[in-house]
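**Student:** mmCIF, C-alpha atoms, saved as coords-v7.cif, coming up:
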```cif
data_protein
#
loop_
_atom_site.label_atom_id
_atom_site.label_comp_id
_atom_site.auth_asym_id
_atom_site.auth_seq_id
_atom_site.Cartn_x
_atom_site.Cartn_y
_atom_site.Cartn_z
CA ASN A 1 -1.81 -11.23 -2.01
CA LYS A 2 -1.76 -14.50 -0.03
CA LYS A 3 -4.04 -12.95 2.57
CA MET A 4 -6.35 -11.65 -0.15
CA ALA A 5 -6.45 -15.06 -1.85
CA ARG A 6 -7.31 -16.73 1.44
CA ILE A 7 -10.29 -14.52 2.24
CA TYR A 8 -11.61 -14.93 -1.31
CA GLN A 9 -11.31 -18.69 -1.14
CA GLU A 10 -13.04 -18.79 2.23
CA GLN A 11 -15.89 -16.60 1.03
CA ALA A 12 -16.28 -18.57 -2.19
CA LYS A 13 -16.50 -21.83 -0.24
CA GLU A 14 -19.26 -20.48 2.02
CA ILE A 15 -21.34 -18.97 -0.77
CA ILE A 16 -20.98 -21.99 -3.06
CA ALA A 17 -22.18 -24.28 -0.25
CA GLU A 18 -25.27 -22.13 0.34
CA MET A 19 -26.19 -21.81 -3.34
CA GLU A 20 -25.59 -25.49 -3.99
CA GLU A 21 -27.72 -26.51 -1.02
CA LEU A 22 -30.70 -24.45 -2.23
CA TYR A 23 -30.43 -25.79 -5.77
CA ILE A 24 -30.12 -29.44 -4.71
CA ASP A 25 -33.08 -29.12 -2.30
CA MET A 26 -35.22 -27.65 -5.08
CA LEU A 27 -34.25 -30.51 -7.40
CA ALA A 28 -35.25 -33.00 -4.73
CA ASP A 29 -38.70 -31.42 -4.57
CA GLY A 30 -39.24 -32.01 -8.28
CA GLU A 31 -38.73 -30.13 -11.53
CA ILE A 32 -37.68 -26.54 -10.85
CA SER A 33 -38.42 -23.34 -12.71
CA LEU A 34 -37.72 -19.66 -12.37
CA ALA A 35 -41.25 -19.11 -11.04
CA GLU A 36 -40.65 -21.72 -8.35
CA LEU A 37 -37.31 -20.17 -7.48
CA TYR A 38 -38.93 -16.77 -6.92
CA LYS A 39 -41.50 -18.37 -4.60
CA GLN A 40 -38.71 -19.56 -2.33
CA ASP A 41 -38.14 -17.37 0.72
CA ARG A 42 -34.76 -19.10 0.96
CA TYR A 43 -33.79 -17.63 -2.41
CA PHE A 44 -34.28 -14.03 -1.28
CA LYS A 45 -32.62 -14.75 2.05
CA LEU A 46 -29.71 -16.29 0.14
CA ILE A 47 -29.33 -13.22 -2.08
CA ALA A 48 -29.45 -10.94 0.97
CA ASN A 49 -26.87 -13.09 2.74
CA ILE A 50 -24.57 -13.08 -0.30
CA ASN A 51 -24.81 -9.29 -0.40
CA LYS A 52 -23.90 -9.13 3.29
CA LYS A 53 -20.90 -11.44 2.80
CA LEU A 54 -19.63 -9.47 -0.20
CA LYS A 55 -19.91 -6.20 1.72
CA ALA A 56 -17.82 -7.76 4.49
CA LEU A 57 -15.34 -8.97 1.88
CA GLY A 58 -15.05 -5.50 0.39
CA ALA A 59 -14.49 -3.96 3.82
CA LYS A 60 -11.69 -6.48 4.52
CA GLU A 61 -10.04 -5.66 1.18
CA ILE A 62 -10.07 -1.94 1.90
CA LYS A 63 -8.64 -2.47 5.40
CA ILE A 64 -5.85 -4.73 4.10
CA LEU A 65 -4.98 -2.24 1.37
CA ASP A 66 -5.18 0.82 3.64
CA ASN A 67 -2.81 -0.72 6.19
CA GLY A 68 -0.47 -2.05 3.50
CA MET A 69 -0.17 1.31 1.74
CA LEU A 70 0.37 3.22 4.98
CA ASP A 71 3.16 0.90 6.12
CA LEU A 72 4.80 0.85 2.69
CA TYR A 73 4.70 4.64 2.43
CA LYS A 74 6.39 5.07 5.82
CA ASN A 75 9.04 2.41 5.16
CA THR A 76 9.85 3.69 1.68
CA TYR A 77 10.22 7.28 2.81
CA ASP A 78 12.40 6.25 5.74
CA LEU A 79 14.73 4.24 3.50
CA ILE A 80 15.23 7.21 1.19
CA ASN A 81 15.35 10.10 3.59
CA HIS A 82 16.00 9.64 7.33
CA ASN A 83 14.33 12.90 8.29
CA ALA A 84 13.35 13.10 11.95
CA GLU A 85 10.66 15.64 11.13
CA PHE A 86 8.80 13.00 9.10
CA ALA A 87 7.65 11.43 12.36
CA MET A 88 5.55 14.56 12.87
CA ILE A 89 3.48 13.84 9.76
CA SER A 90 0.27 12.16 10.85
CA ASP A 91 -1.15 8.98 9.41
CA ARG A 92 -4.16 11.08 8.42
CA LEU A 93 -2.08 13.30 6.14
CA ILE A 94 -0.43 10.28 4.52
CA LYS A 95 -3.84 8.66 3.95
CA GLU A 96 -5.14 11.88 2.40
CA THR A 97 -2.20 11.80 -0.02
CA LEU A 98 -2.80 8.16 -0.91
CA GLU A 99 -6.55 8.60 -1.33
CA GLN A 100 -6.18 11.32 -3.94
CA VAL A 101 -7.66 10.36 -7.29
CA TRP A 102 -4.84 9.65 -9.71
CA CYS A 103 -6.27 7.24 -12.32
CA ASN A 104 -7.75 8.39 -15.61
CA ASP A 105 -11.14 6.92 -14.71
CA GLY A 106 -11.46 9.44 -11.88
CA LYS A 107 -12.17 6.77 -9.26
CA LYS A 108 -10.60 6.01 -5.90
CA TYR A 109 -9.45 2.46 -5.26
CA SER A 110 -12.27 1.96 -2.75
CA SER A 111 -14.82 2.82 -5.44
CA ARG A 112 -13.33 0.17 -7.73
CA ILE A 113 -13.47 -2.41 -4.94
CA TRP A 114 -17.18 -1.74 -4.32
CA GLN A 115 -17.89 -1.73 -8.05
CA HIS A 116 -16.32 -5.18 -8.38
CA LYS A 117 -18.38 -6.46 -5.45
CA THR A 118 -21.56 -5.28 -7.16
CA GLU A 119 -20.48 -7.00 -10.37
CA LEU A 120 -19.73 -10.22 -8.47
CA GLN A 121 -23.12 -10.13 -6.76
CA GLU A 122 -24.83 -9.73 -10.14
CA ALA A 123 -22.77 -12.55 -11.66
CA LEU A 124 -23.59 -14.97 -8.83
CA GLN A 125 -27.29 -14.17 -8.99
CA LYS A 126 -27.32 -14.55 -12.77
CA GLY A 127 -25.43 -17.85 -12.49
CA LEU A 128 -28.09 -19.33 -10.23
CA ILE A 129 -30.95 -18.09 -12.41
CA ASP A 130 -29.32 -19.38 -15.60
CA CYS A 131 -28.80 -22.75 -13.95
CA VAL A 132 -32.49 -22.94 -13.06
CA VAL A 133 -33.72 -21.78 -16.47
CA GLN A 134 -31.43 -24.10 -18.41
CA GLY A 135 -31.75 -27.01 -16.02
CA LYS A 136 -28.01 -27.37 -15.61
CA ASP A 137 -26.39 -29.91 -13.35
CA HIS A 138 -25.52 -28.27 -10.03
CA ARG A 139 -21.85 -29.12 -10.59
CA LYS A 140 -21.81 -26.79 -13.59
CA MET A 141 -23.26 -24.06 -11.41
CA VAL A 142 -20.53 -24.61 -8.83
CA LYS A 143 -17.87 -24.42 -11.55
CA GLN A 144 -19.32 -21.13 -12.84
CA ILE A 145 -19.49 -19.62 -9.35
CA GLN A 146 -15.86 -20.59 -8.71
CA ASN A 147 -14.88 -18.98 -12.00
CA ASP A 148 -16.73 -15.78 -11.03
CA PHE A 149 -14.80 -15.68 -7.76
CA ASN A 150 -11.50 -16.31 -9.57
CA VAL A 151 -12.17 -13.31 -11.82
CA ALA A 152 -13.07 -11.15 -8.80
CA GLN A 153 -9.93 -12.28 -6.95
CA HIS A 154 -7.77 -11.40 -9.94
CA GLN A 155 -9.36 -7.93 -10.04
CA ALA A 156 -8.73 -7.46 -6.32
CA GLU A 157 -5.09 -8.50 -6.61
CA CYS A 158 -4.62 -6.11 -9.54
CA ILE A 159 -5.94 -3.23 -7.42
CA VAL A 160 -3.63 -4.19 -4.55
CA ARG A 161 -0.50 -4.38 -6.71
CA THR A 162 -1.27 -1.13 -8.52
CA GLU A 163 -2.16 0.86 -5.40
CA LEU A 164 0.89 -0.41 -3.53
CA SER A 165 3.01 0.76 -6.47
CA HIS A 166 1.27 4.12 -6.21
CA ALA A 167 2.04 4.35 -2.48
CA GLN A 168 5.67 3.31 -2.88
CA ASN A 169 6.40 5.77 -5.66
CA LYS A 170 4.58 8.65 -3.99
CA ALA A 171 6.60 8.02 -0.83
CA ALA A 172 9.81 7.83 -2.84
CA ALA A 173 9.02 11.14 -4.54
CA ALA A 174 8.35 12.80 -1.16
CA GLY A 175 11.60 11.42 0.23
CA TYR A 176 13.73 12.52 -2.71
CA ILE A 177 12.16 15.98 -2.84
CA ASP A 178 12.77 16.48 0.89
CA ALA A 179 16.36 15.34 0.31
CA GLY A 180 16.84 18.11 -2.26
CA TYR A 181 16.27 16.25 -5.54
CA THR A 182 14.41 18.02 -8.32
CA MET A 183 14.40 15.14 -10.84
CA TYR A 184 13.73 11.43 -10.94
CA GLU A 185 14.60 8.52 -13.21
CA ILE A 186 12.18 5.73 -14.08
CA ILE A 187 13.54 2.24 -13.49
CA SER A 188 11.57 -0.54 -15.17
CA ALA A 189 12.01 -4.27 -14.78
CA THR A 190 13.76 -5.75 -17.79
CA ASP A 191 12.43 -9.25 -18.25
CA GLY A 192 9.97 -11.14 -20.41
CA ARG A 193 6.98 -9.72 -18.52
CA THR A 194 7.90 -6.07 -19.11
CA CYS A 195 5.48 -4.30 -21.46
CA ASP A 196 6.50 -2.06 -24.37
CA LEU A 197 5.48 1.08 -22.47
CA CYS A 198 7.70 0.32 -19.48
CA HIS A 199 10.57 -0.68 -21.77
CA SER A 200 10.29 2.66 -23.54
CA MET A 201 10.17 4.64 -20.28
CA ASN A 202 13.09 2.83 -18.61
CA GLY A 203 15.91 5.29 -17.85
CA LYS A 204 13.94 8.40 -18.78
CA LYS A 205 14.29 11.38 -16.49
CA PHE A 206 11.75 14.03 -15.51
CA TYR A 207 11.35 16.91 -13.10
CA PHE A 208 9.17 16.17 -10.09
CA THR A 209 7.15 19.26 -10.95
CA GLU A 210 6.19 17.58 -14.24
CA ALA A 211 5.30 14.18 -12.74
CA LYS A 212 1.97 12.76 -13.79
CA GLU A 213 1.04 9.21 -12.81
CA GLY A 214 0.13 7.02 -15.72
CA GLU A 215 2.09 9.20 -18.16
CA ASN A 216 5.62 9.86 -16.93
CA PHE A 217 5.45 8.61 -13.35
CA PRO A 218 4.69 5.07 -12.16
CA PRO A 219 2.47 3.22 -11.95
CA LEU A 220 2.21 3.65 -15.71
CA HIS A 221 -0.56 1.04 -15.98
CA PRO A 222 -2.34 -1.58 -13.84
CA ASN A 223 0.10 -4.09 -12.29
CA CYS A 224 3.01 -1.80 -13.16
CA ARG A 225 6.36 -2.79 -11.61
CA ALA A 226 8.28 0.39 -12.48
CA ASN A 227 9.85 2.51 -9.73
CA ILE A 228 11.69 5.81 -9.47
CA VAL A 229 15.08 6.87 -8.14
CA GLY A 230 16.22 10.40 -7.46
CA TYR A 231 18.37 12.01 -10.17
CA ARG A 232 20.61 15.06 -10.05
CA GLU A 233 21.44 16.85 -13.25
CA GLY A 234 24.99 15.97 -14.20
CA ASP A 235 24.80 12.47 -12.72
CA LYS A 236 25.81 9.68 -15.07
#
```
Would you kindly transcribe this structure into structure tokens?

**Tutor:**
Amino acid sequence: NKKMARIYQEQAKEIIAEMEELYIDMLADGEISLAELYKQDRYFKLIANINKKLKALGAKEIKILDNGMLDLYKNTYDLINHNAEFAMISDRLIKETLEQVWCNDGKKYSSRIWQHKTELQEALQKGLIDCVVQGKDHRKMVKQIQNDFNVAQHQAECIVRTELSHAQNKAAAAGYIDAGYTMYEIISATDGRTCDLCHSMNGKKFYFTEAKEGENFPPLHPNCRANIVGYREGDK
């Protein structure tokens, strides 16, 4: 998350500087209007450049998440089941497992990342246009842009935490199944941040054949902190 926060802050700084420069230059030339904004070649170049930067940001997010999930999957499996044959499983097969659609919205994590980049692009463009139409001080525009980036960063961090939980629990399930377990127990955090759903699922046991993410297998919701442990019938 620190790496994700850093790349968002860097990108926000660059884009804010470019948008602020255009707006201040237009103010210096006299009273501005939406018609004048659309006459500016710099405006369309700015929008194209923002789009380019956000595409690069999305690609970085996906790379960070892909590498993080792959490493976490391998490490989790190895901790649970030291099976020499696991080394024969290719990274490609692990990635195929992790890229399977598991959320109720039917989307892969990469699709959500690109959707959020589109939403951020639209928000930034709207922020500049609103500032021009309403004649806002450029400092208010900067504040709004920073807020848009903060929202986008929060969305990105939510995806990272949820998908890493998905990778960890899928790896744990594979490890326990290969070790001969047929059931698992849900272990939820028990603190002030634990939601009612996770409280109610804590300690419940299910067969791996019945596991369904979001219902009886974590992650149970975005930002879920629940995990699983193998369970043998008759264990206390």

**Student:** What does the distance between atom CA of A:Glu36 and atom CA of A:Gln144 come to in Å, to one decimal place?

**Tutor:** 21.8 Å

**Student:** Quick one: everything within 12 Å of A:Asn223, counting all atoms listed in the file, minus sequence neighbours fewer than 6 positions away in the same chain. Send it as a PDB file with C-alpha atoms, keeping the file's coordinate frame.

**Tutor:**
```
ATOM      1  CA  HIS A 154      -7.770 -11.400  -9.940  1.00  0.00           C
ATOM      2  CA  GLN A 155      -9.360  -7.930 -10.040  1.00  0.00           C
ATOM      3  CA  ALA A 156      -8.730  -7.460  -6.320  1.00  0.00           C
ATOM      4  CA  GLU A 157      -5.090  -8.500  -6.610  1.00  0.00           C
ATOM      5  CA  CYS A 158      -4.620  -6.110  -9.540  1.00  0.00           C
ATOM      6  CA  ILE A 159      -5.940  -3.230  -7.420  1.00  0.00           C
ATOM      7  CA  VAL A 160      -3.630  -4.190  -4.550  1.00  0.00           C
ATOM      8  CA  ARG A 161      -0.500  -4.380  -6.710  1.00  0.00           C
ATOM      9  CA  THR A 162      -1.270  -1.130  -8.520  1.00  0.00           C
ATOM     10  CA  GLU A 163      -2.160   0.860  -5.400  1.00  0.00           C
ATOM     11  CA  LEU A 164       0.890  -0.410  -3.530  1.00  0.00           C
ATOM     12  CA  SER A 165       3.010   0.760  -6.470  1.00  0.00           C
ATOM     13  CA  HIS A 166       1.270   4.120  -6.210  1.00  0.00           C
ATOM     14  CA  ARG A 193       6.980  -9.720 -18.520  1.00  0.00           C
ATOM     15  CA  THR A 194       7.900  -6.070 -19.110  1.00  0.00           C
ATOM     16  CA  CYS A 195       5.480  -4.300 -21.460  1.00  0.00           C
ATOM     17  CA  CYS A 198       7.700   0.320 -19.480  1.00  0.00           C
ATOM     18  CA  GLY A 214       0.130   7.020 -15.720  1.00  0.00           C
TER      19      GLY A 214
END
```

**Student:** Give me, please, the distance in Å between atom CA of A:Gln146 and atom CA of A:Ile16, quoted to one decimal.

**Tutor:**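 Separating atom CA of A:Gln146 from atom CA of A:Ile16 is a distance of 7.8 Å.
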
**Student:** Hey, can you check how far atom CA of A:Asp191 sits from atom CA of A:Ala167?

**Tutor:** 23.3 Å

**Student:** So, counting all atoms listed in the file, which residue among A:Phe217, A:Tyr181, A:Trp114, A:Phe208 is closest to A:Glu233?

**Tutor:**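 Closest to A:Glu233 of all the choices is A:Tyr181.
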
**Student:** Given all atoms listed in the file as the basis, pick out the residue of A:Gln9, A:Lys205, A:Leu22, A:Gln134 nearest to A:Tyr43.

**Tutor:**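 Among A:Gln9, A:Lys205, A:Leu22, A:Gln134, it is A:Leu22 that comes nearest to A:Tyr43.
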